[in-house]
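Report on the structure given below.
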Amino acid sequence: MATATSTEAPPGTARAERRPRRLRRDGRYAWIFLGPSLAGLALFTLFPTAMALGISLFDWPVFGERTFLGIDNFTHLLNDPIFRKVIFNTTLFVVLYVPLNLIVSLGLAVWLGPQIWGRQAFRVLFFIPVMTPMVANVMVWRLLLQPGGLFDSGSQSLFGADAPNFLGSTSWAMPTIVAISVWQGFGYNFLVFSAALDQVPQSQLDSASIDGANPLQRFRYITWPMITPSIFFATTLTLITSFQVFAQPFILTGGGPGVSTQTLVMYVYNQGWQFLNMGLAAAAGWVLFVIIMGITAIQFIGQKRWVHYDV
């Protein structure tokens, strides 16, 4: 009668004794390879974050004596009408920008299917704004949109009337910043969605078409579930970056008119480098950190309801 043989080395044998030594050696090698990344994380992320929390508890001028305030900086922010307006501006930008970015990028990715001629050229064209420096793009748009610029001159020539003051009007400034930001940033999500759509099996779409499913039904019941991981990834990154918007309002409007387009990162910059109040700037930075972490946590909890990893 045949007996089963075990691949496990009996305790006390030389093979069993070598295994712990090999695991310890592999562990040392793992720490050696992880060391540079962990050192960079600690030096450039964890330490500055902890230092910012410490600074937020002080009246911390760039020059002069520092005074411990406890949570007074955070209390000041909550009672500051300008800071509340800044929170509203940032939220408004996020609410407008994120859906528009996702809709434009996903819509173009669906339109540029494999059957479209010149698909690769369109991909390159749509990604060019992402590759070019944001400051250069925003400066060009500022020249085009300012009074006397191309849009204003064209409106006077064609319609005999001035164009709206896109950058100097409280009604137009934020929508203009959102539109330029969408133009600047949709190309990245477009490539993410385009790659995800390429992974949808054409055989399943053809089978559904034979069974009588129209294009909308095929997208809803086949394509959408398969690309939800990519949509979740794009949504998460887009939300995080949109809360950190800075260059567009800073260059286009300087946060104006008044503070109608000033965002959280601009507020941190102004408090830290214009008013030299590092304590208040650090407190505002921590408010931004908590907001981003909270929304990201909610996204990861909520993804279980609509993201399909096994389709």
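Residues are named by chain letter and number: chains run A, B, ... in the order of the structure tokens, numbers start at 1 in each chain, and ligands are numbered from 1 in the order shown.
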### Query
Within 12 Å of range 117-130 of chain A, counting only C-alpha atoms, which residues qualify if same-chain residues fewer than 6 places away don't, as a PyMOL selection string?
chain A and resi 104-105+108-111+136-138+140+180-195
### Task
Determine which residues of range 124-185 of chain A receive a DSSP assignment of alpha helix (DSSP H), computed from the backbone, and state them as number ranges by chain.
A: 124-131, 134-145, 150-159, 173-185
Tell me, counting only C-alpha atoms, for each residue of range 255-288 of chain A within 8 Å of range 82-95 of chain A, which pair of atoms is nearest and how far apart they are in Å to one decimal, in rows ordered by chain and increasing number, as a tab-separated table.
```
residue	atom	partner	partner_atom	distance
A:Val259	CA	A:Val86	CA	7.4
A:Ser260	CA	A:Asn89	CA	6.8
A:Thr261	CA	A:Asn89	CA	6.0
A:Gln262	CA	A:Val86	CA	5.7
A:Thr263	CA	A:Thr90	CA	5.1
A:Leu264	CA	A:Val86	CA	5.9
A:Tyr267	CA	A:Val86	CA	7.3
```
### Message
I want to know what sits within 8 Å of Ile177 in chain A, based on only C-alpha atoms, with residues of the same chain fewer than 5 positions away left out; could you give that as a VMD selection string?
### Response
chain A and resid 248 to 249 252
Keeping N, CA and C atoms for every residue in the selection just given, could you write it to a file as a PDB file, in the first residue's frame?
```
ATOM      1  N   GLN A 248      -4.310  77.728 -11.121  1.00  0.00           N
ATOM      2  CA  GLN A 248      -5.297  78.379 -11.978  1.00  0.00           C
ATOM      3  C   GLN A 248      -5.865  79.650 -11.341  1.00  0.00           C
ATOM      4  N   PRO A 249      -6.438  79.586 -10.131  1.00  0.00           N
ATOM      5  CA  PRO A 249      -6.953  80.841  -9.558  1.00  0.00           C
ATOM      6  C   PRO A 249      -5.855  81.826  -9.187  1.00  0.00           C
ATOM      7  N   LEU A 252      -4.765  83.359 -12.736  1.00  0.00           N
ATOM      8  CA  LEU A 252      -5.843  83.978 -13.503  1.00  0.00           C
ATOM      9  C   LEU A 252      -6.469  85.165 -12.776  1.00  0.00           C
TER      10      LEU A 252
END
```
If you take only C-alpha atoms and a cut-off of 12 Å, which residues of range 165-279 of chain A touch range 298-304 of chain A, and what are their nearest atom pairs and distances in Å to one decimal, in chain and number order, as CSV?
```
residue,atom,partner,partner_atom,distance
A:Thr228,CA,A:Gln303,CA,9.2
A:Pro229,CA,A:Gln303,CA,8.9
A:Ser230,CA,A:Gln303,CA,11.7
A:Ile231,CA,A:Gln303,CA,10.4
A:Phe232,CA,A:Gln303,CA,7.3
A:Phe233,CA,A:Gln299,CA,10.1
A:Ala234,CA,A:Gln299,CA,11.7
A:Thr235,CA,A:Gln299,CA,8.9
A:Thr236,CA,A:Gln299,CA,7.3
A:Leu237,CA,A:Gln299,CA,10.9
A:Leu239,CA,A:Gln299,CA,10.0
A:Ile240,CA,A:Gln299,CA,11.2
```
#### Entry: Between CA of Leu106 in chain A and CA of Arg142 in chain A, distance in Å (one decimal)
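It comes out at 27.6 Å.
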### Query
Which is closer to Gly285 in chain A than all the others in A:Ser157, A:Asn101, A:Thr253, A:Gln244, using only C-alpha atoms?
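Checking each of A:Ser157, A:Asn101, A:Thr253, A:Gln244 against Gly285 in chain A, counting only C-alpha atoms, the winner is A:Gln244.
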### Query
Hey, what's within 12 Å of His76 in chain A if we count only C-alpha atoms and toss same-chain stuff fewer than 3 positions away? As a PyMOL selection string, please?
chain A and resi 56-57+59+69-73+79-84+279-281+283-284
### Query
Quick one: of A:Val290, A:Leu167, A:Leu276, A:Val200, who's nearest to Phe250 in chain A, counting only C-alpha atoms?
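Closest candidate: A:Leu167.
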### Query
Smallest atom-to-atom distance to Phe289 in chain A: which of A:Phe44, A:Ala50, A:Pro175, A:Leu145, using only C-alpha atoms?
A:Ala50
### Task
Name the closest residue to Asn165 in chain A among the candidates A:Leu144, A:Leu46, A:Met131, A:Ala196; distances are taken between atoms, counting only C-alpha atoms.
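Residue with the minimum atom-to-atom distance to Asn165 in chain A: A:Leu144.
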